[in-house]
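Structure file structure20.tsv (TSV, C-alpha atoms and all ligand atoms) follows.
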chain	number	residue	atom	x	y	z
J	95	THR	CA	20.87	-32.60	-148.73
J	96	GLN	CA	22.90	-29.53	-147.87
J	97	SER	CA	26.62	-29.92	-147.23
J	98	THR	CA	28.14	-28.33	-144.13
J	99	ARG	CA	30.99	-25.80	-144.11
J	100	PRO	CA	33.45	-28.35	-142.67
J	101	GLN	CA	32.46	-30.78	-145.44
J	102	ARG	CA	33.09	-28.09	-148.08
J	103	LEU	CA	36.45	-27.28	-146.45
J	104	LEU	CA	37.44	-30.98	-146.57
J	105	GLY	CA	36.41	-31.07	-150.25
J	106	ALA	CA	38.76	-28.16	-150.96
J	107	VAL	CA	41.61	-30.04	-149.23
J	108	GLN	CA	40.96	-33.25	-151.19
J	109	LYS	CA	40.74	-31.29	-154.44
J	110	ASN	CA	43.69	-28.89	-154.01
J	111	ALA	CA	46.16	-30.42	-151.55
J	112	THR	CA	48.63	-33.28	-152.07
J	113	ARG	CA	48.34	-36.29	-149.74
J	114	GLY	CA	51.19	-36.40	-147.22
J	115	GLN	CA	52.13	-32.75	-147.70
J	116	PRO	CA	50.92	-30.80	-144.62
J	117	HIS	CA	51.95	-27.44	-146.09
J	118	SER	CA	49.69	-27.98	-149.12
J	119	VAL	CA	46.77	-28.84	-146.77
J	120	LEU	CA	47.22	-25.57	-144.86
J	121	LYS	CA	47.50	-23.62	-148.12
J	122	ALA	CA	44.31	-25.22	-149.50
J	123	ILE	CA	42.36	-24.37	-146.33
J	124	ASP	CA	43.67	-20.78	-146.18
J	125	GLN	CA	42.80	-20.24	-149.88
J	126	PHE	CA	39.32	-21.72	-149.36
J	127	CYS	CA	38.71	-19.45	-146.34
J	128	THR	CA	40.09	-16.36	-148.07
J	129	HIS	CA	38.33	-16.73	-151.43
J	130	THR	CA	35.32	-18.97	-150.85
J	131	GLU	CA	34.06	-19.24	-147.28
J	132	TRP	CA	35.30	-17.91	-143.92
J	133	ALA	CA	35.90	-20.58	-141.26
J	134	MET	CA	37.25	-20.41	-137.70
J	135	ASN	CA	40.74	-21.83	-138.31
J	136	VAL	CA	43.58	-19.99	-136.58
J	137	GLY	CA	44.70	-18.97	-140.10
J	138	ASP	CA	48.08	-18.06	-141.56
J	139	GLU	CA	48.85	-14.78	-139.76
J	140	LYS	CA	48.22	-16.11	-136.23
J	141	GLY	CA	49.47	-19.47	-137.54
J	142	CYS	CA	52.96	-18.04	-138.07
J	143	ILE	CA	53.01	-16.89	-134.43
J	144	LEU	CA	51.83	-20.40	-133.41
J	145	ASP	CA	54.64	-21.91	-135.50
J	146	SER	CA	57.29	-19.76	-133.80
J	147	VAL	CA	56.09	-20.63	-130.29
J	148	VAL	CA	55.87	-24.38	-131.10
J	149	SER	CA	59.36	-24.33	-132.64
J	150	GLU	CA	60.75	-22.51	-129.58
J	151	VAL	CA	59.16	-25.00	-127.14
J	152	ASN	CA	59.88	-28.07	-129.32
J	153	PRO	CA	57.34	-30.03	-127.26
J	154	ALA	CA	57.25	-33.79	-126.73
J	155	THR	CA	53.67	-33.63	-125.38
J	156	VAL	CA	51.00	-31.29	-126.75
J	157	LEU	CA	47.35	-30.77	-125.80
J	158	GLU	CA	45.06	-28.91	-128.20
J	159	LEU	CA	41.63	-27.89	-126.90
J	160	GLY	CA	39.28	-27.45	-129.84
J	161	THR	CA	40.16	-29.26	-133.07
J	162	TYR	CA	37.45	-27.94	-135.42
J	163	CYS	CA	38.63	-29.08	-138.90
J	164	GLY	CA	42.20	-29.84	-137.84
J	165	TYR	CA	43.99	-26.84	-139.37
J	166	SER	CA	46.00	-25.97	-136.23
J	167	THR	CA	46.38	-29.68	-135.46
J	168	VAL	CA	48.14	-30.13	-138.83
J	169	ARG	CA	50.11	-26.91	-138.31
J	170	ILE	CA	51.43	-28.01	-134.90
J	171	ALA	CA	51.93	-31.72	-135.73
J	172	SER	CA	53.99	-30.88	-138.83
J	173	LEU	CA	56.54	-29.14	-136.55
J	174	LEU	CA	56.83	-31.88	-133.89
J	175	PRO	CA	59.91	-34.10	-133.38
J	176	PRO	CA	59.54	-37.81	-134.34
J	177	HIS	CA	58.16	-39.36	-131.13
J	178	ALA	CA	56.16	-36.38	-129.90
J	179	LYS	CA	52.46	-36.85	-129.08
J	180	LEU	CA	49.66	-34.40	-129.85
J	181	ILE	CA	46.30	-35.00	-128.17
J	182	THR	CA	43.47	-32.88	-129.56
J	183	LEU	CA	40.03	-32.65	-127.95
J	184	GLU	CA	36.89	-31.89	-129.98
J	185	PHE	CA	33.41	-31.68	-128.50
J	186	ASN	CA	31.49	-31.67	-131.77
J	187	PRO	CA	31.40	-35.12	-133.49
J	188	ASP	CA	30.78	-33.63	-136.95
J	189	PHE	CA	33.87	-31.42	-136.62
J	190	ALA	CA	35.85	-34.43	-135.34
J	191	ALA	CA	34.85	-36.57	-138.33
J	192	ILE	CA	36.10	-33.92	-140.76
J	193	ALA	CA	39.27	-33.24	-138.76
J	194	ARG	CA	40.26	-36.94	-138.81
J	195	GLN	CA	40.14	-36.85	-142.63
J	196	VAL	CA	42.08	-33.58	-142.89
J	197	ILE	CA	44.77	-34.91	-140.52
J	198	ALA	CA	44.94	-38.17	-142.52
J	199	TRP	CA	45.23	-36.26	-145.81
J	200	ALA	CA	48.23	-34.46	-144.34
J	201	GLY	CA	49.70	-37.86	-143.39
J	202	LEU	CA	49.98	-36.92	-139.71
J	203	GLU	CA	47.62	-39.45	-138.12
J	204	ASP	CA	50.53	-41.23	-136.38
J	205	LYS	CA	51.42	-38.08	-134.42
J	206	VAL	CA	47.87	-37.11	-133.50
J	207	GLN	CA	45.31	-38.60	-131.13
J	208	LEU	CA	41.92	-36.99	-131.69
J	209	VAL	CA	39.58	-37.47	-128.71
J	210	GLU	CA	35.87	-36.69	-128.94
J	211	GLY	CA	34.21	-35.23	-125.88
J	212	ALA	CA	34.17	-32.31	-123.49
J	213	SER	CA	37.50	-30.96	-122.24
J	214	GLY	CA	36.10	-30.78	-118.70
J	215	ASP	CA	35.46	-34.53	-118.75
J	216	TRP	CA	38.70	-35.56	-120.44
J	217	ILE	CA	41.33	-33.37	-118.73
J	218	PRO	CA	41.02	-35.31	-115.41
J	219	LYS	CA	41.51	-38.59	-117.32
J	220	MET	CA	44.60	-37.61	-119.34
J	221	LYS	CA	47.16	-39.30	-117.07
J	222	GLU	CA	45.39	-42.67	-116.77
J	223	GLN	CA	44.06	-42.82	-120.36
J	224	PHE	CA	47.08	-41.59	-122.31
J	225	GLY	CA	50.04	-42.07	-119.97
J	226	ILE	CA	50.69	-38.33	-119.86
J	227	THR	CA	52.59	-36.93	-116.88
J	228	THR	CA	52.65	-33.25	-117.91
J	229	PHE	CA	52.13	-31.28	-121.14
J	230	ASP	CA	54.97	-29.22	-122.59
J	231	PHE	CA	52.59	-27.13	-124.74
J	232	VAL	CA	48.83	-26.42	-124.65
J	233	PHE	CA	46.91	-24.65	-127.45
J	234	LEU	CA	43.55	-23.28	-126.27
J	235	ASP	CA	41.08	-22.76	-129.12
J	236	HIS	CA	37.77	-24.19	-127.92
J	237	TRP	CA	34.75	-22.56	-126.29
J	238	LYS	CA	36.00	-19.21	-125.03
J	239	ASP	CA	34.25	-19.56	-121.68
J	240	ARG	CA	36.07	-22.84	-121.10
J	241	TYR	CA	39.63	-21.42	-121.24
J	242	LEU	CA	39.68	-20.34	-117.57
J	243	PRO	CA	37.94	-23.36	-115.96
J	244	ASP	CA	40.02	-25.77	-118.04
J	245	THR	CA	43.27	-24.00	-117.16
J	246	LYS	CA	42.42	-24.25	-113.45
J	247	LEU	CA	41.50	-27.92	-114.02
J	248	MET	CA	44.86	-28.61	-115.70
J	249	GLU	CA	46.62	-27.00	-112.71
J	250	GLU	CA	44.59	-29.11	-110.26
J	251	CYS	CA	45.25	-32.32	-112.21
J	252	GLY	CA	49.01	-31.68	-112.18
J	253	LEU	CA	49.17	-31.56	-115.98
J	254	LEU	CA	51.33	-28.41	-116.02
J	255	ARG	CA	55.00	-28.28	-115.04
J	256	LYS	CA	57.47	-25.41	-114.56
J	257	GLY	CA	57.93	-24.10	-118.11
J	258	THR	CA	54.75	-25.46	-119.69
J	259	VAL	CA	53.62	-22.98	-122.34
J	260	LEU	CA	49.92	-22.17	-122.82
J	261	LEU	CA	49.01	-20.39	-126.07
J	262	ALA	CA	45.43	-19.09	-126.27
J	263	ASP	CA	43.68	-18.09	-129.50
J	264	ASN	CA	40.95	-15.41	-129.74
J	265	VAL	CA	41.77	-13.52	-126.55
J	266	ILE	CA	40.37	-10.34	-128.22
J	267	CYS	CA	37.84	-11.70	-130.73
J	268	PRO	CA	35.54	-13.39	-129.71
J	269	GLY	CA	37.46	-12.64	-126.48
J	270	THR	CA	38.25	-14.44	-123.26
J	271	PRO	CA	38.14	-11.66	-120.63
J	272	ASP	CA	38.00	-13.82	-117.50
J	273	TYR	CA	40.92	-15.96	-118.75
J	274	LEU	CA	43.05	-12.88	-119.58
J	275	GLU	CA	42.29	-11.28	-116.20
J	276	TYR	CA	43.30	-14.46	-114.36
J	277	ILE	CA	46.40	-15.39	-116.33
J	278	ARG	CA	47.83	-11.84	-116.48
J	279	ASN	CA	47.40	-11.28	-112.73
J	280	SER	CA	48.46	-14.70	-111.50
J	281	PRO	CA	51.99	-14.97	-110.05
J	282	ARG	CA	51.99	-18.55	-111.36
J	283	TYR	CA	52.24	-17.39	-115.02
J	284	LYS	CA	54.43	-15.08	-117.08
J	285	SER	CA	52.27	-13.81	-119.97
J	286	GLN	CA	52.90	-12.06	-123.27
J	287	TYR	CA	50.35	-10.78	-125.82
J	288	PHE	CA	50.96	-11.25	-129.56
J	289	LYS	CA	48.81	-8.77	-131.45
J	290	SER	CA	47.38	-10.05	-134.73
J	291	HIS	CA	44.08	-10.22	-136.58
J	292	LEU	CA	41.04	-12.47	-136.59
J	293	GLU	CA	41.69	-15.13	-139.23
J	294	TYR	CA	41.08	-13.95	-142.81
J	295	THR	CA	39.91	-10.49	-141.64
J	296	LYS	CA	41.24	-7.04	-140.60
J	297	VAL	CA	39.55	-7.27	-137.19
J	298	GLU	CA	41.97	-7.18	-134.26
J	299	ASP	CA	42.64	-10.43	-132.43
J	300	GLY	CA	45.68	-11.92	-130.75
J	301	LEU	CA	47.32	-14.83	-129.01
J	302	GLU	CA	48.26	-14.86	-125.32
J	303	LYS	CA	51.37	-16.89	-124.48
J	304	SER	CA	51.67	-17.85	-120.80
J	305	VAL	CA	54.51	-19.80	-119.18
J	306	PHE	CA	53.58	-21.76	-116.02
J	307	GLN	CA	56.02	-20.98	-113.21
J	308	GLY	CA	55.32	-24.17	-111.21
Z	1	LIG	O1	35.88	-26.83	-130.39
Z	1	LIG	C1	34.89	-26.83	-129.71
Z	1	LIG	C2	33.62	-26.29	-130.32
Z	1	LIG	S1	33.62	-24.55	-130.09
Z	1	LIG	C3	34.68	-23.86	-131.36
Z	1	LIG	C4	35.62	-22.91	-130.67
Z	1	LIG	N1	36.11	-21.78	-131.48
Z	1	LIG	C5	35.37	-20.67	-131.67
Z	1	LIG	O2	34.24	-20.55	-131.22
Z	1	LIG	C6	35.96	-19.57	-132.51
Z	1	LIG	C7	35.14	-18.55	-132.98
Z	1	LIG	C8	35.65	-17.51	-133.78
Z	1	LIG	C9	34.76	-16.44	-134.29
Z	1	LIG	C10	33.45	-16.72	-134.70
Z	1	LIG	C11	32.64	-15.71	-135.17
Z	1	LIG	C12	33.11	-14.41	-135.25
Z	1	LIG	F1	32.31	-13.41	-135.73
Z	1	LIG	C13	34.39	-14.11	-134.83
Z	1	LIG	C14	35.22	-15.13	-134.36
Z	1	LIG	C15	37.02	-17.50	-134.12
Z	1	LIG	C16	37.84	-18.51	-133.64
Z	1	LIG	O3	39.17	-18.53	-133.95
Z	1	LIG	C17	37.33	-19.53	-132.83
Z	1	LIG	O4	38.21	-20.48	-132.38
Z	1	LIG	C18	34.92	-27.39	-128.28
Z	1	LIG	C19	33.95	-27.04	-127.37
Z	1	LIG	C20	33.99	-27.55	-126.06
Z	1	LIG	C21	35.00	-28.42	-125.69
Z	1	LIG	O5	35.07	-28.94	-124.40
Z	1	LIG	C22	35.99	-28.79	-126.64
Z	1	LIG	O6	36.97	-29.67	-126.21
Z	1	LIG	C23	35.95	-28.28	-127.92
Z	2	MG	MG	40.26	-19.82	-132.71

With the file now loaded, output its structure as structure tokens.
Amino acid sequence: TQSTRPQRLLGAVQKNATRGQPHSVLKAIDQFCTHTEWAMNVGDEKGCILDSVVSEVNPATVLELGTYCGYSTVRIASLLPPHAKLITLEFNPDFAAIARQVIAWAGLEDKVQLVEGASGDWIPKMKEQFGITTFDFVFLDHWKDRYLPDTKLMEECGLLRKGTVLLADNVICPGTPDYLEYIRNSPRYKSQYFKSHLEYTKVEDGLEKSVFQG
């Protein structure tokens, strides 16, 4: 039977990366996606911007919306301080199954809680299920038409505090026009656009960093 792209990506990690070395996992995925098969990881160019924002925030609590194969999960978790918690939500069970193995290969399973299901269902349950009060950092990388409703939901559920940083992938390609319109015009956020390119291509894309003002 045919393998899937996530399965082939995992194979490249297991073949070319060293267990317990997150950097080698990221390198193996980026090489696979550059030379063999494109996949929708944030990639190395936008990944460097992600790294700088995560390092600046130095978050104790992180929410990632959209795990896919775990590339950005590994990227973020490898920068977190010892007792920090990263919760990552993935809707697609096949993606989640691959991501668990990629995260384990990187040796980061103790820092990461991968939750399967829809963000709209899980966001209201974060406090009771995971003992979260507020998130210090949120990475939005799931369905592009869920960025805005889920941001409003996080506000309503009191999951954001003064200074929480939201970083949104793909605000140009595939694009999240309603989210950009809202976040750039809301007095409750201070936003900044980081111009970049769609992973592994020359197409324009970028990340939108927004700080919640409380
Ligand atoms: O993660 C999911 C499944 S959707 C994958 C989202 N990502 C994309 O669609 C995505 C797509 C592209 C891209 C594709 C084709 C192109 F021609 C150009 C760009 C690039 C990206 O960087 C992306 O992130 C999820 C859904 C619901 C939930 O509630 C949840 O928690 C999670
Ligand atoms: Mg993306």

Find the smallest box with edges along x, y and z containing every listed atom of region 229-240 of chain J, then add 4 Å on each side and report centre and edge lengths in Å to one decimal, as JSON.
{"center_x": 44.6, "center_y": -25.2, "center_z": -125.1, "size_x": 28.7, "size_y": 20.1, "size_z": 16.0}

Closest to ligand LIG 1 (chain Z) among J:Asn186, J:Thr245, J:Ser285, J:Thr295, using all atoms listed in the file? J:Asn186

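When only C-alpha atoms and all ligand atoms are used to compute distances to ligand MG 2 (chain Z), the closest of the residues J:Pro268, J:Gly211, J:Gly201, J:Pro116 turns out to be J:Pro268.
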
The distance between CA of Ser213 (chain J) and CA of Val232 (chain J) is 12.4 Å

Counting only C-alpha atoms, the option among J:Leu103, J:Leu157, J:Leu301, J:Leu274 closest to Glu139 (chain J): J:Leu301

When you look at Val147 (chain J) with a cut-off of 10 Å (counting only C-alpha atoms), what residues show up, excluding the ones that are within fewer than 2 positions of it in the same chain? I need them as a ChimeraX atom specification. /J:141-145,149-153,170,231,259-261,303

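Near ligand MG 2 (chain Z), at a distance of at most 6 Å and with only C-alpha atoms and all ligand atoms counted, sit the residues Met134, Asn135, Val136, Asp235, Asp263 and Asn264 of chain J.
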
So what do you get for CA of Lys140 (chain J) versus CA of Asp188 (chain J), distance-wise? 24.7 Å

Compute the set of protein, DNA and RNA residues whose minimum atom distance to ligand LIG 1 (chain Z) is at most 9 Å, using all atoms listed in the file, and state it as a ChimeraX atom specification. /J:133-137,158-162,182-186,189,209-216,234-238,240,244,263-264,267-269,292-293,297,299

One residue among J:Val148, J:Ala178, J:Leu104, J:Ala191 is nearest to Cys127 (chain J) when using all atoms listed in the file, and that residue is J:Leu104

Go ahead and compute the interatomic distance for CA of His117 (chain J) and CA of Val168 (chain J), in Å to one decimal.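 Between CA of His117 (chain J) and CA of Val168 (chain J) the gap is 8.6 Å.
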
Here is a test: counting only C-alpha atoms, which residue of J:Glu131, J:Tyr276, J:Lys121, J:Ser172 is nearest to Thr98 (chain J)?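 For Thr98 (chain J), the nearest of the candidates is J:Glu131.
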
With all atoms listed in the file as the counted atoms, please give the residues lying no more than 10 Å from Arg102 (chain J), apart from itself and same-chain residues fewer than 5 positions off, as an NGL selection string. :J and (97 or 107-108 or 126 or 130-131 or 192)

Pull the neighbourhood of (57.8, -9.0, -122.6) for me: all residues within 12 Å in file coordinates, counting only C-alpha atoms, as a PyMOL selection string. chain J and resi 284-288+302-305

Between J:Lys246, J:His129, J:Arg282, J:Arg169, which is the closest to Gln115 (chain J) once you count only C-alpha atoms?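 Closest candidate: J:Arg169.
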
List as a Markdown table every residue of region 115-184 of chain J that is in contact with region 218-228 of chain J, defined as an atom at most 10 Å from one of its atoms (using all atoms listed in the file), together with the nearest atom pair and the distance in Å rounded to one decimal, sorted by chain and then rising number.
| residue | atom | partner | partner_atom | distance |
| --- | --- | --- | --- | --- |
| J:Ala154 | CA | J:Thr228 | CA | 10.0 |
| J:Thr155 | CA | J:Thr228 | CA | 7.5 |
| J:Val156 | CA | J:Thr228 | CA | 9.2 |
| J:Leu157 | CA | J:Met220 | CA | 9.8 |
| J:Lys179 | CA | J:Ile226 | CA | 9.5 |
| J:Ile181 | CA | J:Phe224 | CA | 8.9 |

Selection from above, C-alpha atoms, as a CSV table (one decimal), in the frame of the given file, can you write it?
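Output file part.csv is given in full below:
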chain,number,residue,atom,x,y,z
J,154,ALA,CA,57.2,-33.8,-126.7
J,155,THR,CA,53.7,-33.6,-125.4
J,156,VAL,CA,51.0,-31.3,-126.8
J,157,LEU,CA,47.4,-30.8,-125.8
J,179,LYS,CA,52.5,-36.8,-129.1
J,181,ILE,CA,46.3,-35.0,-128.2

Do you know which residues are at most 10 Å from Ser118 (chain J) counting only C-alpha atoms, after dropping those on the same chain fewer than 6 positions away, and could you put them as a PyMOL selection string? chain J and resi 107+110-112+124+199-200

N, CA, C and O atoms modelled onto region 228-242 of chain J, as a PDB file, keeping the file's coordinate frame:
ATOM      1  N   THR J 228      52.977 -34.685-117.755  1.00  0.00           N
ATOM      2  CA  THR J 228      52.650 -33.250-117.910  1.00  0.00           C
ATOM      3  C   THR J 228      52.731 -32.898-119.399  1.00  0.00           C
ATOM      4  O   THR J 228      53.338 -33.610-120.191  1.00  0.00           O
ATOM      5  N   PHE J 229      52.070 -31.775-119.765  1.00  0.00           N
ATOM      6  CA  PHE J 229      52.130 -31.280-121.140  1.00  0.00           C
ATOM      7  C   PHE J 229      53.228 -30.216-121.239  1.00  0.00           C
ATOM      8  O   PHE J 229      53.384 -29.396-120.326  1.00  0.00           O
ATOM      9  N   ASP J 230      53.953 -30.244-122.331  1.00  0.00           N
ATOM     10  CA  ASP J 230      54.970 -29.220-122.590  1.00  0.00           C
ATOM     11  C   ASP J 230      54.337 -27.972-123.213  1.00  0.00           C
ATOM     12  O   ASP J 230      54.819 -26.855-123.015  1.00  0.00           O
ATOM     13  N   PHE J 231      53.238 -28.210-123.983  1.00  0.00           N
ATOM     14  CA  PHE J 231      52.590 -27.130-124.740  1.00  0.00           C
ATOM     15  C   PHE J 231      51.087 -27.370-124.805  1.00  0.00           C
ATOM     16  O   PHE J 231      50.660 -28.504-125.054  1.00  0.00           O
ATOM     17  N   VAL J 232      50.288 -26.338-124.556  1.00  0.00           N
ATOM     18  CA  VAL J 232      48.830 -26.420-124.650  1.00  0.00           C
ATOM     19  C   VAL J 232      48.338 -25.299-125.554  1.00  0.00           C
ATOM     20  O   VAL J 232      48.709 -24.137-125.341  1.00  0.00           O
ATOM     21  N   PHE J 233      47.526 -25.652-126.575  1.00  0.00           N
ATOM     22  CA  PHE J 233      46.910 -24.650-127.450  1.00  0.00           C
ATOM     23  C   PHE J 233      45.420 -24.584-127.124  1.00  0.00           C
ATOM     24  O   PHE J 233      44.721 -25.591-127.264  1.00  0.00           O
ATOM     25  N   LEU J 234      44.959 -23.458-126.646  1.00  0.00           N
ATOM     26  CA  LEU J 234      43.550 -23.280-126.270  1.00  0.00           C
ATOM     27  C   LEU J 234      42.821 -22.588-127.402  1.00  0.00           C
ATOM     28  O   LEU J 234      43.169 -21.466-127.792  1.00  0.00           O
ATOM     29  N   ASP J 235      41.812 -23.314-127.972  1.00  0.00           N
ATOM     30  CA  ASP J 235      41.080 -22.760-129.120  1.00  0.00           C
ATOM     31  C   ASP J 235      39.660 -23.270-129.157  1.00  0.00           C
ATOM     32  O   ASP J 235      39.023 -23.357-130.221  1.00  0.00           O
ATOM     33  N   HIS J 236      39.126 -23.656-127.973  1.00  0.00           N
ATOM     34  CA  HIS J 236      37.770 -24.190-127.920  1.00  0.00           C
ATOM     35  C   HIS J 236      36.794 -23.156-127.404  1.00  0.00           C
ATOM     36  O   HIS J 236      37.021 -21.956-127.581  1.00  0.00           O
ATOM     37  N   TRP J 237      35.719 -23.549-126.777  1.00  0.00           N
ATOM     38  CA  TRP J 237      34.750 -22.560-126.290  1.00  0.00           C
ATOM     39  C   TRP J 237      35.465 -21.546-125.412  1.00  0.00           C
ATOM     40  O   TRP J 237      36.225 -21.921-124.508  1.00  0.00           O
ATOM     41  N   LYS J 238      35.205 -20.267-125.666  1.00  0.00           N
ATOM     42  CA  LYS J 238      36.000 -19.210-125.030  1.00  0.00           C
ATOM     43  C   LYS J 238      35.727 -19.132-123.540  1.00  0.00           C
ATOM     44  O   LYS J 238      36.591 -18.738-122.779  1.00  0.00           O
ATOM     45  N   ASP J 239      34.545 -19.577-123.119  1.00  0.00           N
ATOM     46  CA  ASP J 239      34.250 -19.560-121.680  1.00  0.00           C
ATOM     47  C   ASP J 239      34.755 -20.822-120.979  1.00  0.00           C
ATOM     48  O   ASP J 239      34.537 -21.003-119.788  1.00  0.00           O
ATOM     49  N   ARG J 240      35.482 -21.674-121.742  1.00  0.00           N
ATOM     50  CA  ARG J 240      36.070 -22.840-121.100  1.00  0.00           C
ATOM     51  C   ARG J 240      37.572 -22.657-120.848  1.00  0.00           C
ATOM     52  O   ARG J 240      38.201 -23.473-120.183  1.00  0.00           O
ATOM     53  N   TYR J 241      38.169 -21.591-121.406  1.00  0.00           N
ATOM     54  CA  TYR J 241      39.630 -21.420-121.240  1.00  0.00           C
ATOM     55  C   TYR J 241      40.008 -21.359-119.757  1.00  0.00           C
ATOM     56  O   TYR J 241      40.920 -22.049-119.306  1.00  0.00           O
ATOM     57  N   LEU J 242      39.323 -20.503-118.974  1.00  0.00           N
ATOM     58  CA  LEU J 242      39.680 -20.340-117.570  1.00  0.00           C
ATOM     59  C   LEU J 242      39.393 -21.611-116.740  1.00  0.00           C
ATOM     60  O   LEU J 242      40.321 -22.124-116.087  1.00  0.00           O
TER      61      LEU J 242
END
